[in-house]
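What follows is the content of coords-v3.cif (mmCIF, C-alpha atoms).
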data_model
loop_
_atom_site.label_atom_id
_atom_site.label_comp_id
_atom_site.auth_asym_id
_atom_site.auth_seq_id
_atom_site.Cartn_x
_atom_site.Cartn_y
_atom_site.Cartn_z
CA MET W 1 8.17 -22.58 19.11
CA ALA W 2 6.76 -19.05 18.98
CA LYS W 3 6.11 -17.48 15.60
CA PRO W 4 9.28 -16.05 14.07
CA VAL W 5 9.14 -12.34 13.23
CA ILE W 6 10.03 -11.25 9.68
CA ALA W 7 10.59 -7.51 9.12
CA ILE W 8 10.14 -6.00 5.65
CA VAL W 9 12.33 -2.91 5.29
CA GLY W 10 13.68 -0.61 2.58
CA ARG W 11 13.62 2.98 1.39
CA PRO W 12 10.26 4.63 0.61
CA ASN W 13 8.15 3.60 -2.38
CA VAL W 14 9.85 0.35 -3.37
CA GLY W 15 6.66 -1.72 -2.86
CA LYS W 16 7.07 -3.00 0.71
CA SER W 17 3.36 -2.71 1.55
CA THR W 18 2.30 -4.35 -1.73
CA LEU W 19 4.63 -7.25 -0.98
CA PHE W 20 3.32 -7.44 2.60
CA ASN W 21 -0.30 -7.61 1.41
CA LYS W 22 0.59 -10.32 -1.13
CA LEU W 23 2.35 -12.49 1.46
CA VAL W 24 -0.33 -12.02 4.10
CA GLY W 25 -3.04 -12.74 1.54
CA LYS W 26 -5.23 -9.72 2.22
CA ARG W 27 -5.10 -5.95 1.98
CA VAL W 28 -3.85 -4.89 5.40
CA ALA W 29 -1.32 -2.18 4.63
CA ILE W 30 -2.32 0.96 2.71
CA VAL W 31 -0.73 0.99 -0.74
CA ASP W 32 -0.10 4.29 -2.50
CA ASP W 33 2.49 5.72 -4.89
CA THR W 34 3.20 8.51 -2.41
CA PRO W 35 6.33 7.77 -0.36
CA GLY W 36 5.79 7.57 3.39
CA VAL W 37 2.20 6.30 3.45
CA THR W 38 3.16 3.51 5.88
CA ARG W 39 4.46 5.10 9.07
CA ASP W 40 3.88 2.69 11.93
CA ARG W 41 4.60 -1.02 11.80
CA ILE W 42 1.77 -3.19 10.51
CA PHE W 43 1.82 -6.94 11.15
CA GLY W 44 0.06 -10.01 9.83
CA ASP W 45 0.44 -13.80 9.69
CA CYS W 46 1.93 -15.61 6.71
CA GLU W 47 1.88 -19.40 6.26
CA TRP W 48 4.37 -21.24 4.06
CA LEU W 49 5.18 -24.96 3.90
CA GLY W 50 3.61 -25.67 7.28
CA HIS W 51 5.34 -22.75 9.02
CA THR W 52 3.54 -19.69 10.37
CA MET W 53 5.44 -16.40 10.46
CA MET W 54 4.55 -12.93 11.66
CA LEU W 55 5.37 -10.33 8.99
CA VAL W 56 6.01 -6.73 10.02
CA ASP W 57 5.63 -3.99 7.39
CA THR W 58 7.57 -0.82 8.12
CA GLY W 59 7.72 2.72 6.85
CA GLY W 60 10.42 3.66 4.35
CA ILE W 61 13.87 4.32 5.81
CA GLU W 62 15.60 7.64 5.07
CA PRO W 63 18.82 7.19 7.08
CA TYR W 64 19.97 10.81 7.17
CA SER W 65 16.75 12.81 6.97
CA ASP W 66 16.03 15.45 9.63
CA ASP W 67 12.30 15.46 8.87
CA ILE W 68 10.36 14.63 12.05
CA ILE W 69 8.04 12.10 10.39
CA LEU W 70 10.85 10.38 8.50
CA THR W 71 12.92 10.24 11.68
CA GLN W 72 10.02 8.56 13.52
CA MET W 73 9.61 6.11 10.63
CA ARG W 74 13.32 5.28 10.81
CA ARG W 75 13.02 4.57 14.54
CA GLN W 76 9.96 2.39 13.91
CA ALA W 77 11.87 0.40 11.30
CA GLN W 78 14.85 0.06 13.65
CA LEU W 79 12.61 -1.35 16.39
CA ALA W 80 11.13 -3.84 13.92
CA MET W 81 14.62 -4.91 12.84
CA ASP W 82 15.70 -5.32 16.48
CA SER W 83 12.81 -7.71 17.15
CA ALA W 84 13.04 -9.60 13.83
CA ASP W 85 14.46 -13.08 13.32
CA VAL W 86 14.94 -12.46 9.58
CA ILE W 87 14.86 -9.19 7.61
CA ILE W 88 13.61 -8.83 4.03
CA MET W 89 15.17 -5.80 2.32
CA VAL W 90 13.12 -4.61 -0.66
CA VAL W 91 14.67 -2.66 -3.57
CA ASP W 92 13.24 -1.43 -6.89
CA VAL W 93 14.71 -2.97 -10.07
CA ARG W 94 13.53 0.01 -12.12
CA ASP W 95 15.53 2.52 -10.09
CA GLY W 96 18.62 0.38 -9.70
CA ILE W 97 20.88 0.90 -6.68
CA VAL W 98 20.53 4.37 -5.18
CA ALA W 99 22.50 5.88 -2.30
CA THR W 100 19.71 5.20 0.20
CA ASP W 101 19.73 1.49 -0.71
CA GLN W 102 23.43 1.34 0.10
CA ASP W 103 22.86 3.10 3.42
CA VAL W 104 20.03 0.72 4.38
CA ALA W 105 22.15 -2.29 3.37
CA ALA W 106 24.97 -0.99 5.59
CA MET W 107 22.51 -0.69 8.52
CA LEU W 108 21.39 -4.29 8.01
CA GLN W 109 24.94 -5.63 7.82
CA LYS W 110 25.72 -3.97 11.15
CA SER W 111 22.59 -5.50 12.72
CA GLY W 112 24.01 -9.00 12.35
CA LYS W 113 20.54 -10.35 11.47
CA PRO W 114 20.04 -12.68 8.48
CA VAL W 115 18.89 -10.65 5.46
CA VAL W 116 17.06 -11.75 2.30
CA LEU W 117 17.36 -9.27 -0.59
CA CYS W 118 14.12 -8.87 -2.57
CA VAL W 119 14.40 -7.14 -5.95
CA ASN W 120 10.83 -5.96 -6.51
CA LYS W 121 8.90 -4.90 -9.63
CA CYS W 122 10.36 -7.61 -11.88
CA ASP W 123 6.96 -7.71 -13.57
CA SER W 124 7.90 -8.90 -17.08
CA VAL W 125 7.59 -12.58 -18.03
CA GLY W 126 10.78 -14.48 -18.82
CA ASP W 127 14.34 -13.59 -17.91
CA VAL W 128 15.04 -10.98 -15.25
CA PRO W 129 15.99 -7.48 -16.41
CA PRO W 130 19.75 -6.89 -16.90
CA ASP W 131 19.70 -4.33 -14.08
CA PHE W 132 18.81 -7.16 -11.67
CA TYR W 133 22.42 -8.32 -11.36
CA GLU W 134 23.52 -4.87 -10.20
CA PHE W 135 22.09 -5.62 -6.75
CA TYR W 136 24.83 -8.14 -5.98
CA ASN W 137 26.91 -5.02 -5.23
CA LEU W 138 24.92 -4.45 -2.02
CA GLY W 139 26.79 -7.36 -0.45
CA LEU W 140 23.65 -9.07 0.93
CA GLY W 141 23.97 -12.36 -0.96
CA ASP W 142 21.90 -13.64 -3.86
CA PRO W 143 19.01 -11.28 -4.72
CA ILE W 144 15.59 -12.78 -5.47
CA ALA W 145 13.45 -11.40 -8.31
CA VAL W 146 9.89 -10.73 -7.19
CA SER W 147 6.78 -9.08 -8.59
CA SER W 148 4.72 -8.10 -5.55
CA VAL W 149 1.86 -7.07 -7.85
CA HIS W 150 1.57 -10.42 -9.64
CA GLY W 151 2.99 -12.59 -6.86
CA SER W 152 5.72 -14.19 -8.96
CA GLY W 153 8.88 -15.03 -7.04
CA THR W 154 7.22 -14.83 -3.61
CA GLY W 155 7.59 -18.59 -3.13
CA ASP W 156 11.36 -18.37 -3.72
CA LEU W 157 11.46 -15.42 -1.31
CA LEU W 158 9.74 -17.36 1.48
CA ASP W 159 11.94 -20.40 0.81
CA ALA W 160 14.97 -18.17 1.38
CA VAL W 161 13.45 -16.85 4.61
CA LEU W 162 12.86 -20.38 5.93
CA GLU W 163 16.51 -21.28 5.27
CA HIS W 164 17.47 -18.81 8.02
CA LEU W 165 14.98 -20.20 10.57
CA PRO W 166 15.24 -23.29 12.80
CA ALA W 167 13.32 -26.28 11.48
CA SER W 168 10.88 -26.08 14.42
CA ALA W 169 10.19 -22.32 14.09
CA GLY W 170 6.53 -21.48 13.49
CA THR W 171 5.34 -25.05 14.06
CA GLU W 172 3.29 -26.36 16.97
CA GLU W 173 4.90 -25.79 20.35
CA GLU W 174 5.76 -28.59 22.72
CA ASP W 175 3.40 -28.84 25.66
CA GLU W 176 5.12 -26.85 28.42
CA GLY W 177 1.98 -26.08 30.43
CA ILE W 178 -0.96 -23.75 30.03
CA LYS W 179 0.23 -20.43 28.59
CA VAL W 180 -1.46 -17.47 30.28
CA ALA W 181 -1.22 -13.88 29.02
CA VAL W 182 -1.90 -11.19 31.62
CA ILE W 183 -3.29 -8.23 29.68
CA GLY W 184 -4.90 -4.91 30.49
CA LYS W 185 -4.44 -1.19 30.23
CA PRO W 186 -1.37 0.33 31.92
CA ASN W 187 -0.99 0.44 35.69
CA VAL W 188 -3.71 -2.05 36.66
CA GLY W 189 -1.25 -4.34 38.48
CA LYS W 190 -0.26 -6.94 35.88
CA SER W 191 3.37 -7.18 37.02
CA SER W 192 2.26 -7.18 40.67
CA LEU W 193 0.05 -10.19 39.95
CA ILE W 194 2.96 -12.09 38.38
CA ASN W 195 5.14 -11.28 41.40
CA ALA W 196 2.40 -12.41 43.80
CA ILE W 197 2.04 -15.69 41.89
CA VAL W 198 5.77 -16.37 41.79
CA GLY W 199 6.46 -14.99 45.26
CA GLU W 200 9.41 -12.90 44.19
CA GLU W 201 10.25 -9.73 42.26
CA ARG W 202 10.31 -11.52 38.88
CA THR W 203 9.31 -8.41 36.88
CA ILE W 204 9.82 -4.70 37.41
CA VAL W 205 6.94 -3.19 39.38
CA SER W 206 6.35 0.55 39.33
CA ASP W 207 3.47 2.97 39.68
CA ILE W 208 4.68 4.68 36.49
CA ALA W 209 2.39 3.57 33.68
CA GLY W 210 4.26 1.75 30.92
CA THR W 211 7.13 0.30 33.00
CA THR W 212 6.89 -3.09 31.31
CA ARG W 213 8.09 -2.74 27.71
CA ASP W 214 8.25 -6.34 26.57
CA ALA W 215 6.46 -9.64 27.09
CA ILE W 216 8.15 -11.75 29.79
CA ASP W 217 7.60 -15.47 30.43
CA THR W 218 7.40 -16.81 33.99
CA ILE W 219 7.13 -20.57 34.51
CA VAL W 220 5.11 -21.69 37.53
CA SER W 221 4.61 -25.29 38.70
CA ASN W 222 2.38 -26.10 41.67
CA LYS W 223 -0.27 -28.56 42.81
CA TYR W 224 -2.60 -27.29 40.07
CA GLY W 225 -0.16 -28.09 37.24
CA ASP W 226 2.32 -26.28 35.01
CA PHE W 227 1.71 -22.72 33.84
CA VAL W 228 3.62 -20.18 31.75
CA PHE W 229 2.61 -16.61 32.63
CA ILE W 230 3.27 -13.97 29.98
CA ASP W 231 3.37 -10.48 31.46
CA THR W 232 2.69 -7.87 28.80
CA ALA W 233 3.03 -4.14 28.48
CA GLY W 234 -0.21 -2.24 29.13
CA LEU W 235 -2.27 -1.47 26.05
CA ARG W 236 -3.31 2.15 25.50
CA ARG W 237 -5.54 3.95 23.09
CA LYS W 238 -3.72 4.49 19.80
CA SER W 239 -4.10 8.26 20.11
CA LYS W 240 -2.04 8.07 23.32
CA VAL W 241 0.66 5.79 21.96
CA ASP W 242 3.20 8.47 21.10
CA ASP W 243 6.41 6.91 22.32
CA THR W 244 7.87 4.51 19.76
CA ILE W 245 8.89 2.01 22.46
CA GLU W 246 5.24 1.84 23.61
CA LYS W 247 4.12 1.23 20.02
CA TYR W 248 6.57 -1.65 19.99
CA SER W 249 5.01 -2.88 23.26
CA VAL W 250 1.56 -3.08 21.62
CA LEU W 251 3.01 -5.36 18.95
CA ARG W 252 4.60 -7.59 21.57
CA ALA W 253 1.41 -7.69 23.66
CA GLN W 254 -0.66 -8.77 20.68
CA MET W 255 1.95 -11.44 19.90
CA ALA W 256 1.67 -12.62 23.53
CA ILE W 257 -2.11 -12.96 23.18
CA GLU W 258 -1.59 -15.13 20.10
CA ARG W 259 0.85 -17.36 21.99
CA ALA W 260 -1.45 -17.74 24.99
CA ASP W 261 -4.06 -20.39 25.73
CA VAL W 262 -5.78 -18.26 28.39
CA CYS W 263 -5.95 -14.47 28.78
CA ILE W 264 -6.43 -12.84 32.18
CA ILE W 265 -7.99 -9.44 31.51
CA MET W 266 -7.10 -7.23 34.45
CA ILE W 267 -9.42 -4.40 35.52
CA ASP W 268 -8.66 -1.72 38.09
CA GLY W 269 -11.32 -2.14 40.77
CA VAL W 270 -10.79 1.39 42.09
CA GLU W 271 -11.35 3.05 38.70
CA ASN W 272 -14.55 2.87 36.73
CA PHE W 273 -14.81 0.75 33.59
CA THR W 274 -13.28 2.45 30.54
CA GLU W 275 -13.57 1.95 26.81
CA GLN W 276 -9.94 0.81 26.77
CA ASP W 277 -10.81 -2.11 29.05
CA SER W 278 -13.33 -3.21 26.44
CA LYS W 279 -10.80 -2.88 23.61
CA VAL W 280 -8.17 -4.90 25.47
CA ALA W 281 -10.73 -7.65 26.11
CA GLY W 282 -11.77 -7.48 22.45
CA LEU W 283 -8.24 -8.44 21.34
CA ALA W 284 -8.44 -11.68 23.33
CA HIS W 285 -12.05 -12.33 22.25
CA ASP W 286 -11.24 -11.84 18.56
CA SER W 287 -8.28 -14.20 18.89
CA GLY W 288 -10.57 -16.92 20.24
CA LYS W 289 -8.78 -17.27 23.56
CA ALA W 290 -10.22 -18.51 26.84
CA CYS W 291 -10.75 -15.45 29.04
CA ILE W 292 -10.97 -14.54 32.72
CA ILE W 293 -11.84 -11.04 33.93
CA ALA W 294 -9.83 -10.27 37.08
CA VAL W 295 -10.82 -7.18 39.07
CA ASN W 296 -7.63 -6.13 40.87
CA LYS W 297 -7.07 -3.84 43.86
CA TRP W 298 -10.25 -5.17 45.49
CA ASP W 299 -8.67 -4.60 48.90
CA ALA W 300 -8.64 -0.84 48.21
CA CYS W 301 -12.33 -0.63 47.31
CA GLU W 302 -14.90 0.58 49.81
CA LYS W 303 -17.36 -2.26 50.29
CA ASP W 304 -20.62 -3.17 51.92
CA GLY W 305 -22.59 -6.40 51.77
CA THR W 306 -23.71 -5.94 48.16
CA THR W 307 -20.67 -4.23 46.57
CA MET W 308 -19.33 -7.32 44.79
CA GLN W 309 -22.75 -8.31 43.48
CA LYS W 310 -23.38 -4.81 42.11
CA TYR W 311 -19.90 -4.60 40.57
CA ARG W 312 -20.32 -8.01 38.93
CA LYS W 313 -23.69 -7.02 37.47
CA LYS W 314 -22.21 -3.80 36.07
CA LEU W 315 -19.27 -5.63 34.50
CA MET W 316 -21.60 -8.17 32.88
CA ASN W 317 -23.31 -5.24 31.22
CA ASP W 318 -20.02 -3.56 30.26
CA PHE W 319 -18.63 -6.79 28.81
CA ALA W 320 -21.88 -7.87 27.19
CA PHE W 321 -20.02 -9.11 24.09
CA MET W 322 -18.15 -11.66 26.23
CA SER W 323 -20.70 -12.62 28.85
CA TYR W 324 -19.15 -16.10 28.89
CA ALA W 325 -16.05 -14.87 30.79
CA PRO W 326 -16.00 -15.60 34.55
CA ILE W 327 -15.27 -12.66 36.86
CA VAL W 328 -12.98 -12.95 39.88
CA PHE W 329 -12.16 -10.24 42.43
CA ILE W 330 -8.52 -10.29 43.54
CA SER W 331 -5.79 -8.27 45.18
CA ALA W 332 -2.28 -8.72 43.82
CA LYS W 333 -1.00 -6.71 46.80
CA THR W 334 -2.49 -8.91 49.56
CA GLY W 335 -2.79 -12.17 47.59
CA GLN W 336 -6.57 -12.29 48.04
CA ARG W 337 -8.18 -15.05 45.90
CA ILE W 338 -5.07 -15.42 43.73
CA GLU W 339 -4.95 -19.16 44.40
CA ASN W 340 -8.46 -19.42 42.95
CA LEU W 341 -7.04 -18.22 39.64
CA PHE W 342 -5.18 -21.47 39.00
CA GLU W 343 -8.30 -23.65 39.16
CA LEU W 344 -10.16 -21.13 37.02
CA ILE W 345 -7.35 -21.07 34.42
CA LYS W 346 -7.42 -24.87 34.12
CA PHE W 347 -11.20 -24.87 33.91
CA VAL W 348 -11.53 -22.27 31.11
CA ASN W 349 -8.61 -23.87 29.22
CA ASP W 350 -10.48 -27.19 29.23
CA GLN W 351 -13.65 -25.44 28.08
CA ASN W 352 -11.76 -23.75 25.23
CA SER W 353 -10.47 -27.14 24.03
CA MET W 354 -13.76 -29.02 24.52
CA ARG W 355 -14.90 -31.26 21.67
CA ILE W 356 -18.58 -32.23 21.40
CA SER W 357 -19.71 -35.26 19.41
CA THR W 358 -21.89 -34.62 16.36
CA GLY W 359 -24.62 -36.85 17.77
CA ARG W 360 -24.92 -34.94 21.04
CA LEU W 361 -24.71 -31.62 19.22
CA ASN W 362 -27.61 -32.49 16.94
CA GLU W 363 -29.72 -33.66 19.86
CA VAL W 364 -29.37 -30.15 21.31
CA LEU W 365 -30.10 -28.67 17.86
CA ALA W 366 -33.30 -30.72 17.48
CA ASP W 367 -34.50 -29.71 20.94
CA ALA W 368 -33.66 -26.03 20.33
CA THR W 369 -35.47 -25.84 16.97
CA ALA W 370 -38.50 -27.58 18.45
CA ARG W 371 -38.71 -24.96 21.22
CA VAL W 372 -38.14 -21.93 18.97
CA GLN W 373 -38.87 -22.32 15.28
CA PRO W 374 -36.15 -21.07 12.89
CA PRO W 375 -36.95 -17.68 11.27
CA THR W 376 -38.87 -17.25 8.02
CA ASP W 377 -38.80 -14.68 5.25
CA LYS W 378 -41.44 -14.33 2.51
CA GLY W 379 -42.76 -17.81 3.14
CA ARG W 380 -39.36 -19.47 3.18
CA ARG W 381 -38.27 -21.01 6.48
CA LEU W 382 -34.69 -21.60 7.54
CA LYS W 383 -33.84 -25.29 7.67
CA ILE W 384 -30.82 -26.42 9.68
CA TYR W 385 -30.01 -29.89 8.40
CA TYR W 386 -27.32 -30.69 10.91
CA MET W 387 -24.44 -29.24 12.91
CA THR W 388 -20.93 -30.48 13.60
CA GLN W 389 -17.90 -29.19 15.48
CA ALA W 390 -15.06 -28.34 13.10
CA SER W 391 -12.31 -27.39 15.56
CA THR W 392 -11.40 -26.35 19.08
CA ARG W 393 -9.62 -23.28 20.55
CA PRO W 394 -12.18 -21.80 20.23
CA PRO W 395 -14.98 -24.35 19.73
CA THR W 396 -16.12 -23.80 16.14
CA PHE W 397 -19.41 -25.18 14.85
CA VAL W 398 -20.46 -25.64 11.22
CA CYS W 399 -24.19 -25.43 10.45
CA PHE W 400 -25.48 -26.78 7.14
CA VAL W 401 -28.63 -24.88 6.09
CA ASN W 402 -30.87 -24.33 3.08
CA ARG W 403 -30.30 -20.54 2.94
CA LYS W 404 -27.55 -18.58 4.68
CA ASP W 405 -29.43 -15.27 4.45
CA LEU W 406 -32.22 -16.65 6.67
CA PHE W 407 -29.81 -17.53 9.49
CA HIS W 408 -30.13 -14.29 11.45
CA TYR W 409 -27.58 -13.38 14.11
CA SER W 410 -30.29 -13.44 16.78
CA TYR W 411 -31.08 -17.10 16.07
CA GLN W 412 -27.38 -17.95 15.99
CA ARG W 413 -27.05 -16.37 19.44
CA TYR W 414 -30.07 -18.41 20.61
CA LEU W 415 -28.43 -21.66 19.47
CA ASP W 416 -25.17 -20.62 21.11
CA ASN W 417 -27.01 -20.09 24.41
CA GLN W 418 -28.69 -23.51 24.11
CA ILE W 419 -25.35 -25.22 23.49
CA ARG W 420 -23.79 -23.41 26.44
CA ALA W 421 -26.72 -24.35 28.68
CA VAL W 422 -26.01 -28.05 28.03
CA PHE W 423 -22.23 -28.23 27.63
CA GLY W 424 -21.05 -25.19 29.62
CA LEU W 425 -18.31 -23.65 27.45
CA GLU W 426 -17.73 -21.12 30.21
CA GLY W 427 -14.81 -18.78 29.68
CA THR W 428 -14.47 -19.40 25.95
CA PRO W 429 -15.87 -17.68 22.86
CA THR W 430 -17.46 -19.79 20.14
CA ARG W 431 -17.51 -19.48 16.37
CA PHE W 432 -20.28 -20.41 13.91
CA ILE W 433 -19.67 -21.15 10.23
CA ILE W 434 -22.83 -21.21 8.12
CA ARG W 435 -22.82 -23.25 4.92
CA GLU W 436 -25.55 -23.80 2.36
CA ARG W 437 -26.07 -27.42 1.38
CA GLU W 438 -26.37 -27.78 -2.35
CA GLN W 439 -29.87 -28.67 -3.49
CA LYS W 440 -30.26 -31.65 -5.82
CA LYS W 441 -31.69 -30.65 -9.15
CA LYS W 442 -34.93 -32.38 -10.06
#
Before anything else, please render the file you have as structure tokens.
Amino acid sequence: MAKPVIAIVGRPNVGKSTLFNKLVGKRVAIVDDTPGVTRDRIFGDCEWLGHTMMLVDTGGIEPYSDDIILTQMRRQAQLAMDSADVIIMVVDVRDGIVATDQDVAAMLQKSGKPVVLCVNKCDSVGDVPPDFYEFYNLGLGDPIAVSSVHGSGTGDLLDAVLEHLPASAGTEEEDEGIKVAVIGKPNVGKSSLINAIVGEERTIVSDIAGTTRDAIDTIVSNKYGDFVFIDTAGLRRKSKVDDTIEKYSVLRAQMAIERADVCIIMIDGVENFTEQDSKVAGLAHDSGKACIIAVNKWDACEKDGTTMQKYRKKLMNDFAFMSYAPIVFISAKTGQRIENLFELIKFVNDQNSMRISTGRLNEVLADATARVQPPTDKGRRLKIYYMTQASTRPPTFVCFVNRKDLFHYSYQRYLDNQIRAVFGLEGTPTRFIIREREQKKK
């Protein structure tokens, strides 16, 4: 099952962002005593009792304000509520019930979504404050006392959230085929590619940038196997994401990348490479997904005998941070080389899930260190005792060394290249975890 979405809502300055940071386990949302600091939706993963959930922090809701910013924040919160599986409403025990709390509670009751009422700022040890019981009047069920600053009560809060979710929500998905996210900036032909693959008008196709608002799944079975294609809304620079529905699309696209096994990064072959192409690719790279760079609209490009070679060389320079990704030149309009995509998807998916034995890995390590000696600093040389693979998707290697500070990035990149030269790992990023082995005291 896909990750369930949990929206955190409430009026301004009740501690939504503090609670969000506590549940996510890191400082993601800006926390300040000034109401309205959080405007857009901020999201992060939360794990509890073997379930993974996506939390969405929202700006404070002022239901009847005419202020432009507050109106935008209200629309943002409404979009988050529309996409949520469960909603956490946060109130402040110190203020008691105020009119805005009642208005927000009325909005949530009309939504029909399951709601968990969080009474925040119950910071004292022992029994809850007497004012706590006042919140039963909101009609949202049993309130839960929480201190988002200290973390007390957050376990009970997450338990209540899980009660509203199916038992399988947030756990590992059943194998339904290779999940492929088609990503890219707007108007590069993502929906056209899906239609060409399926052979029908499965998704809306338009020359108007931003036609696709949500992520759509398309199941394809053929001689190459089973695939689930996830068409996503085009990703734009944040400065150009003015429309609230498009901001919602960015959230959904990033969720689609997380669900996917393979990401097809679509580039417009007619246009020149842009910074946004790099940022879109970076989302997939940072998520550790297998990647393919597909240059679309190749039929519309003026070509000579060396055009493809020159274009490929330029893209390898533009995407230097993910030189592992294979490049394919396609045309969603004519169907050119689209069938080649299926074999490539299967190939990079296998590379992303490759597991290398510790013995073979250390043979490569021994050969690599013999060819190029590890770096030294002030007479101390880096010693790499051994290496092992910790996980797949992406392949993650743990190196045990004498001193982490001596393991320069350049040498890490050298080892990565040596491993790739032997085992391939084409189309997948890799991760290195460096650990110091404790020295025995004499």
**Message:** I need the residue nearest W:Val98 from this list: W:Ile6, W:Ala256, W:Val14, W:Val116. Use all atoms listed in the file for the distance.
**Reply:** W:Val14
**Request:** Would you kindly return, as a VMD selection string, each protein, DNA or RNA residue with an atom no farther than 12 Å from any atom of W:Ala7, considering all atoms listed in the file and excluding same-chain residues fewer than 4 positions away?
**Result:** chain W and resid 16 to 17 19 to 20 41 to 45 53 to 59 76 to 90 108 113 to 117 161
**Request:** Find the distance between atom CA of W:Ala260 and atom CA of W:Leu193 and write it in Å to one decimal.
**Result:** 16.8 Å
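Nearest residue to W:Ser221, choosing from W:Cys46, W:Val198, W:Met266, W:Leu162 and counting only C-alpha atoms: W:Val198.
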**Request:** Determine, counting all atoms listed in the file, which protein, DNA and RNA residues have an atom within 8 Å of an atom of W:Gly189; residues of the same chain fewer than 5 positions away are not included. Present the result as a VMD selection string.
**Result:** chain W and resid 266 268 296 to 297 332
Residues picked by the PyMOL selection byres ((chain W and resi 141-143) around 12) here, as a PDB file with C-alpha atoms, keeping the file's coordinate frame?
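The resulting file, part08.pdb, is shown below:
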ATOM      1  CA  ILE W  88      13.610  -8.830   4.030  1.00  0.00           C
ATOM      2  CA  MET W  89      15.170  -5.800   2.320  1.00  0.00           C
ATOM      3  CA  VAL W  90      13.120  -4.610  -0.660  1.00  0.00           C
ATOM      4  CA  VAL W  91      14.670  -2.660  -3.570  1.00  0.00           C
ATOM      5  CA  ASP W  92      13.240  -1.430  -6.890  1.00  0.00           C
ATOM      6  CA  VAL W  93      14.710  -2.970 -10.070  1.00  0.00           C
ATOM      7  CA  ALA W 105      22.150  -2.290   3.370  1.00  0.00           C
ATOM      8  CA  GLN W 109      24.940  -5.630   7.820  1.00  0.00           C
ATOM      9  CA  PRO W 114      20.040 -12.680   8.480  1.00  0.00           C
ATOM     10  CA  VAL W 115      18.890 -10.650   5.460  1.00  0.00           C
ATOM     11  CA  VAL W 116      17.060 -11.750   2.300  1.00  0.00           C
ATOM     12  CA  LEU W 117      17.360  -9.270  -0.590  1.00  0.00           C
ATOM     13  CA  CYS W 118      14.120  -8.870  -2.570  1.00  0.00           C
ATOM     14  CA  VAL W 119      14.400  -7.140  -5.950  1.00  0.00           C
ATOM     15  CA  ASN W 120      10.830  -5.960  -6.510  1.00  0.00           C
ATOM     16  CA  CYS W 122      10.360  -7.610 -11.880  1.00  0.00           C
ATOM     17  CA  VAL W 128      15.040 -10.980 -15.250  1.00  0.00           C
ATOM     18  CA  ASP W 131      19.700  -4.330 -14.080  1.00  0.00           C
ATOM     19  CA  PHE W 132      18.810  -7.160 -11.670  1.00  0.00           C
ATOM     20  CA  TYR W 133      22.420  -8.320 -11.360  1.00  0.00           C
ATOM     21  CA  GLU W 134      23.520  -4.870 -10.200  1.00  0.00           C
ATOM     22  CA  PHE W 135      22.090  -5.620  -6.750  1.00  0.00           C
ATOM     23  CA  TYR W 136      24.830  -8.140  -5.980  1.00  0.00           C
ATOM     24  CA  ASN W 137      26.910  -5.020  -5.230  1.00  0.00           C
ATOM     25  CA  LEU W 138      24.920  -4.450  -2.020  1.00  0.00           C
ATOM     26  CA  GLY W 139      26.790  -7.360  -0.450  1.00  0.00           C
ATOM     27  CA  LEU W 140      23.650  -9.070   0.930  1.00  0.00           C
ATOM     28  CA  ILE W 144      15.590 -12.780  -5.470  1.00  0.00           C
ATOM     29  CA  ALA W 145      13.450 -11.400  -8.310  1.00  0.00           C
ATOM     30  CA  VAL W 146       9.890 -10.730  -7.190  1.00  0.00           C
ATOM     31  CA  GLY W 153       8.880 -15.030  -7.040  1.00  0.00           C
ATOM     32  CA  ASP W 156      11.360 -18.370  -3.720  1.00  0.00           C
ATOM     33  CA  LEU W 157      11.460 -15.420  -1.310  1.00  0.00           C
ATOM     34  CA  ALA W 160      14.970 -18.170   1.380  1.00  0.00           C
TER      35      ALA W 160
END
**Asked** Quick one: residues within 7 Å of W:Asp123, all atoms listed in the file counted, chain neighbours fewer than 2 positions away excluded, as a ChimeraX atom specification?
**Response** /W:121,125,147
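The environment of W:Gly269 within 9 Å, counting only C-alpha atoms and disregarding residues fewer than 2 places along the same chain, consists of W:Val188, W:Ile267, W:Glu271, W:Asn272, W:Phe273, W:Val295, W:Asn296, W:Lys297, W:Trp298, W:Asp299, W:Ala300, W:Cys301, W:Tyr311, W:Phe329.
When atom CA of W:Ile292 is paired with atom CA of W:Lys279, their separation reads 14.8 Å.
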**Request:** Identify which of the residues W:Tyr414, W:Lys346, W:Ala181, W:Trp48 lies closest to W:Lys223, counting only C-alpha atoms when measuring atom-to-atom distances.
**Result:** W:Lys346
**Request:** Could you tell me which residues the PyMOL selection byres ((chain W and resi 402) around 7) grabs in this file, written as a list in words?
**Result:** Leu382, Lys383, Ile384, Val401, Arg403, Lys404, Glu436 and Arg437 of chain W
